[in-house]
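Structure file upload_4.cif; described as mmCIF, C-alpha atoms.
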```
data_upload
loop_
_atom_site.label_atom_id
_atom_site.label_comp_id
_atom_site.auth_asym_id
_atom_site.auth_seq_id
_atom_site.Cartn_x
_atom_site.Cartn_y
_atom_site.Cartn_z
CA MET A 738 -43.96 91.18 -6.77
CA ASN A 739 -41.80 93.23 -4.44
CA ASN A 740 -41.01 92.40 -0.87
CA LEU A 741 -43.74 94.67 0.55
CA GLU A 742 -46.45 93.04 -1.56
CA GLN A 743 -45.27 89.61 -0.46
CA LYS A 744 -45.59 90.66 3.17
CA VAL A 745 -49.10 92.01 2.57
CA TYR A 746 -50.21 88.76 0.91
CA ALA A 747 -48.65 86.75 3.73
CA LEU A 748 -50.45 88.82 6.34
CA ARG A 749 -53.76 88.41 4.49
CA GLU A 750 -53.31 84.64 4.28
CA GLN A 751 -52.47 84.53 7.99
CA PHE A 752 -55.54 86.60 8.79
CA GLU A 753 -57.77 84.34 6.69
CA LEU A 754 -56.23 81.30 8.34
CA ASN A 755 -56.83 82.72 11.81
CA SER A 756 -60.40 83.58 10.87
CA SER A 757 -61.01 80.05 9.59
CA ALA A 758 -59.49 78.63 12.75
CA ARG A 759 -61.85 80.69 14.88
CA GLU A 760 -64.82 79.54 12.81
CA LEU A 761 -63.70 75.92 13.08
CA GLY A 762 -63.22 76.34 16.82
CA ALA A 763 -66.75 77.68 17.18
CA ALA A 764 -68.08 74.81 15.04
CA ILE A 765 -66.25 72.27 17.24
CA VAL A 766 -67.76 73.83 20.36
CA ASP A 767 -71.21 73.69 18.78
CA CYS A 768 -70.80 70.05 17.76
CA GLN A 769 -69.42 69.16 21.20
CA ASP A 770 -72.51 70.69 22.76
CA ILE A 771 -74.73 68.55 20.52
CA TYR A 772 -72.67 65.47 21.43
CA ASP A 773 -72.94 66.22 25.14
CA LYS A 774 -76.72 66.34 24.91
CA PHE A 775 -76.87 62.77 23.64
CA SER A 776 -73.75 61.02 24.99
CA SER A 777 -75.32 59.85 28.26
CA LEU A 778 -78.43 58.66 26.44
CA SER A 779 -76.23 56.79 23.98
CA GLU A 780 -74.48 54.98 26.85
CA ARG A 781 -77.81 54.05 28.42
CA LEU A 782 -79.04 52.72 25.07
CA ALA A 783 -75.89 50.61 24.69
CA LEU A 784 -76.51 49.14 28.16
CA LEU A 785 -80.15 48.48 27.30
CA GLN A 786 -79.09 46.64 24.18
CA ARG A 787 -76.93 44.28 26.24
CA GLN A 788 -79.63 43.84 28.88
CA THR A 789 -82.27 43.12 26.26
CA SER A 790 -80.43 39.97 25.18
CA SER A 791 -80.65 38.70 28.78
CA ILE A 792 -84.33 39.51 29.21
CA ALA A 793 -85.12 37.89 25.87
CA ALA A 794 -83.61 34.67 27.28
CA LEU A 795 -86.07 34.47 30.20
CA PRO A 796 -87.98 31.17 30.40
CA VAL A 797 -91.29 30.92 28.54
CA ASP A 798 -93.16 30.75 31.85
CA ALA A 799 -91.81 34.12 33.01
CA PRO A 800 -94.58 36.40 34.39
CA GLU A 801 -93.73 39.14 31.87
CA THR A 802 -91.99 38.86 28.52
CA LEU A 803 -90.13 41.40 26.42
CA ASP A 804 -92.73 42.59 23.94
CA LEU A 805 -91.63 45.89 22.41
CA LYS A 806 -94.49 46.05 19.95
CA GLU A 807 -97.24 46.71 22.41
CA GLY A 808 -97.06 50.18 23.97
CA PHE A 809 -93.73 51.12 22.39
CA GLN A 810 -94.52 51.80 18.73
CA GLN A 811 -95.95 55.23 19.39
CA GLN A 812 -92.88 56.43 21.27
CA ILE A 813 -90.50 54.84 18.76
CA SER A 814 -92.31 56.55 15.87
CA LYS A 815 -92.25 59.87 17.72
CA THR A 816 -88.52 59.57 18.37
CA LEU A 817 -87.72 58.69 14.76
CA ALA A 818 -89.85 61.58 13.50
CA SER A 819 -88.09 64.00 15.86
CA PHE A 820 -84.66 62.93 14.64
CA GLY A 821 -85.83 63.08 11.03
CA GLY A 822 -86.90 66.70 11.53
CA TYR A 823 -83.61 67.60 13.16
CA PHE A 824 -81.53 65.97 10.39
CA GLU A 825 -83.29 68.20 7.87
CA VAL A 826 -82.36 71.26 9.92
CA TRP A 827 -78.77 69.99 10.17
CA GLN A 828 -78.50 69.67 6.40
CA LYS A 829 -79.30 73.37 6.12
CA ASN A 830 -77.59 74.89 9.14
CA LYS A 831 -74.96 72.33 10.17
CA GLN A 832 -73.57 72.99 13.66
CA ALA A 833 -75.66 76.15 14.02
CA SER A 834 -78.68 73.87 14.26
CA ARG A 835 -77.92 73.36 17.95
CA GLN A 836 -79.98 76.49 18.52
CA ASP A 837 -83.01 74.95 16.83
CA ASP A 838 -85.91 73.63 18.94
CA SER A 839 -85.88 70.38 16.98
CA LEU A 840 -82.62 69.37 18.70
CA GLU A 841 -84.16 69.55 22.17
CA ASN A 842 -87.32 67.86 20.91
CA SER A 843 -85.19 64.96 19.65
CA ARG A 844 -83.35 64.69 22.95
CA VAL A 845 -86.57 64.66 24.98
CA ALA A 846 -88.17 62.07 22.69
CA LEU A 847 -85.11 59.80 22.94
CA GLU A 848 -84.91 60.17 26.71
CA ASN A 849 -88.59 59.25 27.07
CA LEU A 850 -87.99 56.15 24.97
CA VAL A 851 -84.95 55.18 27.06
CA VAL A 852 -86.89 55.60 30.31
CA GLN A 853 -89.76 53.53 28.93
CA LEU A 854 -87.38 50.75 27.86
CA GLU A 855 -85.57 50.79 31.20
CA GLY A 856 -88.89 50.43 33.01
CA LYS A 857 -89.92 47.53 30.79
CA LEU A 858 -86.71 45.59 31.31
CA GLU A 859 -86.74 46.23 35.06
CA SER A 860 -90.35 45.06 35.29
CA CYS A 861 -89.61 41.83 33.39
CA TRP A 862 -86.55 41.14 35.52
CA SER A 863 -88.04 41.89 38.93
CA LYS A 864 -91.16 39.82 38.27
CA TRP A 865 -89.14 36.84 37.12
CA THR A 866 -86.67 36.98 40.02
CA ASP A 867 -89.59 37.34 42.46
CA GLN A 868 -91.20 34.26 40.89
CA LEU A 869 -87.94 32.32 41.09
CA TYR A 870 -87.30 33.29 44.71
CA SER A 871 -90.84 32.34 45.75
CA GLN A 872 -90.06 28.76 44.68
CA CYS A 873 -87.20 28.40 47.16
CA MET A 874 -87.90 30.88 49.92
CA VAL A 875 -88.14 30.03 53.60
CA GLU A 876 -90.17 32.24 55.93
CA LYS A 877 -87.92 34.20 58.26
CA VAL A 878 -89.52 32.82 61.40
CA ILE A 879 -88.95 29.28 60.15
CA LEU A 880 -85.43 30.06 58.96
CA ASP A 881 -84.52 31.58 62.32
CA SER A 882 -85.82 28.47 64.08
CA GLN A 883 -83.23 26.37 62.25
CA ARG A 884 -80.46 28.32 63.94
CA GLU A 885 -81.83 27.29 67.32
CA MET A 886 -81.88 23.56 66.57
CA PRO A 887 -78.76 21.46 67.14
CA GLY A 888 -77.77 19.78 63.90
CA CYS A 889 -79.52 22.41 61.78
CA GLU A 890 -77.25 25.40 62.37
CA HIS A 891 -75.21 24.61 59.26
CA LEU A 892 -78.42 24.56 57.21
CA TYR A 893 -79.23 28.05 58.43
CA ASP A 894 -75.75 29.33 57.57
CA GLU A 895 -75.75 27.63 54.17
CA TYR A 896 -79.20 28.93 53.24
CA VAL A 897 -78.42 32.49 54.36
CA GLU A 898 -75.26 32.54 52.24
CA LEU A 899 -77.13 31.24 49.18
CA GLN A 900 -79.88 33.77 49.82
CA ARG A 901 -77.32 36.58 49.95
CA GLU A 902 -75.81 35.50 46.63
CA PHE A 903 -79.28 35.25 45.06
CA LYS A 904 -80.34 38.73 46.15
CA SER A 905 -77.02 40.20 45.00
CA LEU A 906 -77.42 38.78 41.49
CA ALA A 907 -81.10 39.72 41.31
CA ARG A 908 -80.48 43.32 42.32
CA GLN A 909 -80.22 44.67 38.77
CA VAL A 910 -80.96 43.64 35.20
CA PRO A 911 -77.94 41.64 33.94
CA GLU A 912 -75.97 42.18 30.77
CA THR A 913 -75.31 38.49 30.11
CA VAL A 914 -77.42 35.32 30.18
CA TRP A 915 -74.97 33.70 32.60
CA VAL A 916 -76.64 35.51 35.49
CA LEU A 917 -79.93 33.76 34.68
CA ARG A 918 -78.24 30.37 34.83
CA ASN A 919 -76.48 31.24 38.09
CA LEU A 920 -79.75 32.34 39.67
CA MET A 921 -81.50 29.14 38.67
CA ASP A 922 -78.59 27.12 40.09
CA LEU A 923 -78.84 29.05 43.35
CA LYS A 924 -82.59 28.46 43.44
CA ASN A 925 -82.05 24.70 43.09
CA LYS A 926 -79.43 24.70 45.87
CA MET A 927 -81.72 26.70 48.17
CA GLU A 928 -84.51 24.18 47.54
CA GLN A 929 -82.15 21.34 48.44
CA VAL A 930 -81.14 23.01 51.70
CA ARG A 931 -84.76 23.80 52.50
CA GLY A 932 -85.62 20.14 52.01
CA LYS A 933 -83.26 19.21 54.85
CA MET A 934 -84.76 21.68 57.33
CA GLN A 935 -87.02 20.79 60.24
CA PHE A 936 -90.33 22.63 59.96
CA ASP A 937 -92.89 20.73 62.03
CA LEU A 938 -91.41 20.90 65.50
CA PRO A 939 -93.46 20.06 68.58
CA GLU A 940 -94.18 23.15 70.66
CA ASN A 941 -92.23 21.88 73.68
CA VAL A 942 -89.22 21.19 71.45
CA LYS A 943 -89.42 24.73 70.04
CA ARG A 944 -89.60 26.05 73.58
CA PHE A 945 -86.56 24.03 74.65
CA PHE A 946 -84.42 25.30 71.75
CA LYS A 947 -85.55 28.86 72.33
CA ILE A 948 -84.49 28.70 75.99
CA LEU A 949 -81.22 26.99 75.06
CA ASN A 950 -80.28 29.73 72.61
CA GLN A 951 -81.30 32.71 74.65
CA ARG A 952 -78.51 35.18 75.29
CA GLY A 953 -76.90 34.78 78.63
CA ARG A 954 -77.68 31.06 78.73
CA SER A 955 -74.40 29.89 77.19
CA ALA A 956 -73.76 27.73 80.26
CA GLY A 957 -76.72 25.58 79.29
CA VAL A 958 -80.18 25.00 80.73
CA LEU A 959 -81.55 23.13 83.66
CA LEU A 960 -82.21 19.47 83.04
CA SER A 961 -85.76 20.08 84.18
CA GLU A 962 -86.30 22.15 81.01
CA MET A 963 -86.00 18.96 78.95
CA ASP A 964 -89.26 17.05 79.28
CA LYS A 965 -89.87 13.48 78.13
CA ASP A 966 -91.24 14.47 74.68
CA THR A 967 -88.24 16.70 73.99
CA PHE A 968 -85.84 13.93 75.03
CA CYS A 969 -87.59 11.44 72.73
CA TRP A 970 -87.51 13.90 69.83
CA LEU A 971 -83.77 14.46 70.27
CA LEU A 972 -83.24 10.72 70.49
CA GLU A 973 -85.29 10.11 67.35
CA HIS A 974 -83.28 12.66 65.38
CA ASP A 975 -79.93 11.40 66.73
CA LEU A 976 -79.15 14.70 68.45
CA LEU A 977 -78.57 13.55 72.02
CA GLY A 978 -74.84 13.34 71.36
CA GLN A 979 -74.73 17.13 71.02
CA PHE A 980 -75.77 17.63 74.65
CA SER A 981 -73.98 17.06 77.92
CA VAL A 982 -75.09 17.08 81.57
CA GLU A 983 -73.15 18.96 84.23
CA ARG A 984 -73.76 19.64 87.90
CA SER A 985 -74.41 23.26 88.62
CA ARG A 986 -72.94 22.97 92.19
CA LYS A 987 -71.13 20.54 94.42
CA LEU A 988 -73.20 18.04 96.35
CA PHE A 989 -71.12 18.48 99.56
#
```
Exercise: express the given structure as structure tokens:
Amino acid sequence: MNNLEQKVYALREQFELNSSARELGAAIVDCQDIYDKFSSLSERLALLQRQTSSIAALPVDAPETLDLKEGFQQQISKTLASFGGYFEVWQKNKQASRQDDSLENSRVALENLVVQLEGKLESCWSKWTDQLYSQCMVEKVILDSQREMPGCEHLYDEYVELQREFKSLARQVPETVWVLRNLMDLKNKMEQVRGKMQFDLPENVKRFFKILNQRGRSAGVLLSEMDKDTFCWLLEHDLLGQFSVERSRKLF
């Protein structure tokens, strides 16, 4: 083979190599497009898998349990059938199958299943956390009254902080069972704080604390605002030591 023939063969091999590279490049683009259609759904499914282990650990008395048999079989079967149809198309057309309607049908079926699962887990979680919170909640009007009572301010602050932690943890479905345990611990602590609160206050005592805590009254209240019943209540609850008496003006 002379030098010219060698050059011709080399050029042909280079041309074939370039052509194959272009075909492979197009195939990679096609496969990347297929991947992009399902990557976000795959991530959501992975998250659901982790969350499912937490929801499955809910107590037996939870308002709603994780039952994937009822109401899910039809969508699961539809999703599996859609993917089965697309796999058959893939076997024939490989990456070119991204143009086939069966690919979009599979994506839609999977997305519907993901949305249905997300709704189920969220429903189980929100109902259980609502049930748990109802066992330790304090009505806002009652909670606010604790802030106005000497000796109970720390109970208000402590409860509000526990309440904040509870709501933060309950905001979304967890990925580990530790969140369930933490929420139940917080519930128990909130019940303990609630047990120390004063709920049944006489009306005149409520009135006294309300006046005392009004804005602009930081200098205190007139002694005439404290009637006999209020004084006795403060004495009974060992709160007199938190008050002092001062003259508002000189006598001469």
Chain and number of each residue from the PyMOL selection byres ((chain A and resi 841) around 12), as an mmCIF file with C-alpha atoms, in the frame of the given file:
```
data_model
loop_
_atom_site.group_PDB
_atom_site.id
_atom_site.type_symbol
_atom_site.label_atom_id
_atom_site.label_comp_id
_atom_site.auth_asym_id
_atom_site.auth_seq_id
_atom_site.Cartn_x
_atom_site.Cartn_y
_atom_site.Cartn_z
ATOM 1 C CA ASP A 770 -72.510 70.690 22.760
ATOM 2 C CA ILE A 771 -74.730 68.550 20.520
ATOM 3 C CA LYS A 774 -76.720 66.340 24.910
ATOM 4 C CA PHE A 775 -76.870 62.770 23.640
ATOM 5 C CA THR A 816 -88.520 59.570 18.370
ATOM 6 C CA SER A 819 -88.090 64.000 15.860
ATOM 7 C CA PHE A 820 -84.660 62.930 14.640
ATOM 8 C CA GLY A 822 -86.900 66.700 11.530
ATOM 9 C CA TYR A 823 -83.610 67.600 13.160
ATOM 10 C CA SER A 834 -78.680 73.870 14.260
ATOM 11 C CA ARG A 835 -77.920 73.360 17.950
ATOM 12 C CA GLN A 836 -79.980 76.490 18.520
ATOM 13 C CA ASP A 837 -83.010 74.950 16.830
ATOM 14 C CA ASP A 838 -85.910 73.630 18.940
ATOM 15 C CA SER A 839 -85.880 70.380 16.980
ATOM 16 C CA LEU A 840 -82.620 69.370 18.700
ATOM 17 C CA ASN A 842 -87.320 67.860 20.910
ATOM 18 C CA SER A 843 -85.190 64.960 19.650
ATOM 19 C CA ARG A 844 -83.350 64.690 22.950
ATOM 20 C CA VAL A 845 -86.570 64.660 24.980
ATOM 21 C CA ALA A 846 -88.170 62.070 22.690
ATOM 22 C CA LEU A 847 -85.110 59.800 22.940
ATOM 23 C CA GLU A 848 -84.910 60.170 26.710
#
```
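When only C-alpha atoms are used to measure the gap to Arg787 of chain A, the shortest distance among A:Thr913, A:Thr967, A:Ser814, A:Thr866 belongs to A:Thr913.
A straight line drawn from atom CA of Lys924 of chain A to atom CA of Tyr870 of chain A is 6.9 Å long.
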message = Can you pull out the residues contacting segment 977-986 of chain A? Cut-off 10 Å, using all atoms listed in the file, and skip same-chain residues under 3 positions away; I want them as a list in words.
response = Pro887, Gly888, Ala956, Gly957, Val958, Leu959, Leu960, Phe968, Cys969, Trp970, Leu971, Leu972, Glu973, His974 and Phe989 of chain A
Trp915 of chain A: which residues within 12 Å, counting only C-alpha atoms, same-chain residues fewer than 6 positions away excluded, as a PyMOL selection string? chain A and resi 788+790-792+794-795+906+921-922
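Coordinates place atom CA of Leu869 of chain A at a distance of 14.4 Å from atom CA of Gln929 of chain A.
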Here atom CA of Ala793 of chain A and atom CA of Val875 of chain A stand apart by 29.0 Å
Please identify all polymer residues within 9 Å of Leu850 of chain A, counting all atoms listed in the file, omitting same-chain residues fewer than 6 positions from it, and present them as number ranges by chain. A: 809, 812-813, 816
The residue from A:Leu920, A:Leu880, A:Leu949, A:Leu976 with the smallest atom-to-atom distance to Met934 of chain A, counting only C-alpha atoms, is A:Leu880
Listed atoms of segment 795-807 of chain A boxed axis-aligned with 3 Å per side, centre + edges as lines of an AutoDock Vina configuration file:
```
center_x = -91.7
center_y = 38.7
center_z = 27.2
size_x = 17.2
size_y = 22.0
size_z = 20.4
```
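The residue set within 12 Å of Glu876 of chain A, counting only C-alpha atoms and dropping same-chain residues fewer than 3 places from it, reads Tyr870, Ser871, Gln872, Cys873, Ile879, Leu880, Asp881, Ser882, Gln883, Tyr893, Tyr896, Val897, Arg931, Met934 and Phe936 of chain A.
Closest approach to Leu803 of chain A from the set A:Gln935, A:Thr789, A:Ser776, A:Asn919 is made by A:Thr789, with distances taken over only C-alpha atoms.
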Can you tell me, as a list in words, what residues are no more than 9 Å from Leu923 of chain A when counting all atoms listed in the file, ignoring any on the same chain fewer than 3 positions away? Leu899, Gln900, Glu902, Phe903, Arg918, Asn919, Leu920, Lys926, Met927 and Glu928 of chain A
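Here the question is which of A:Glu962, A:Lys864, A:Phe945, A:Ser779 gets nearest to Glu885 of chain A using only C-alpha atoms, and that residue is A:Phe945.
Closest approach to Asp867 of chain A among A:Asp894, A:Gln828, A:Lys904, A:Lys815: A:Lys904, based on all atoms listed in the file.
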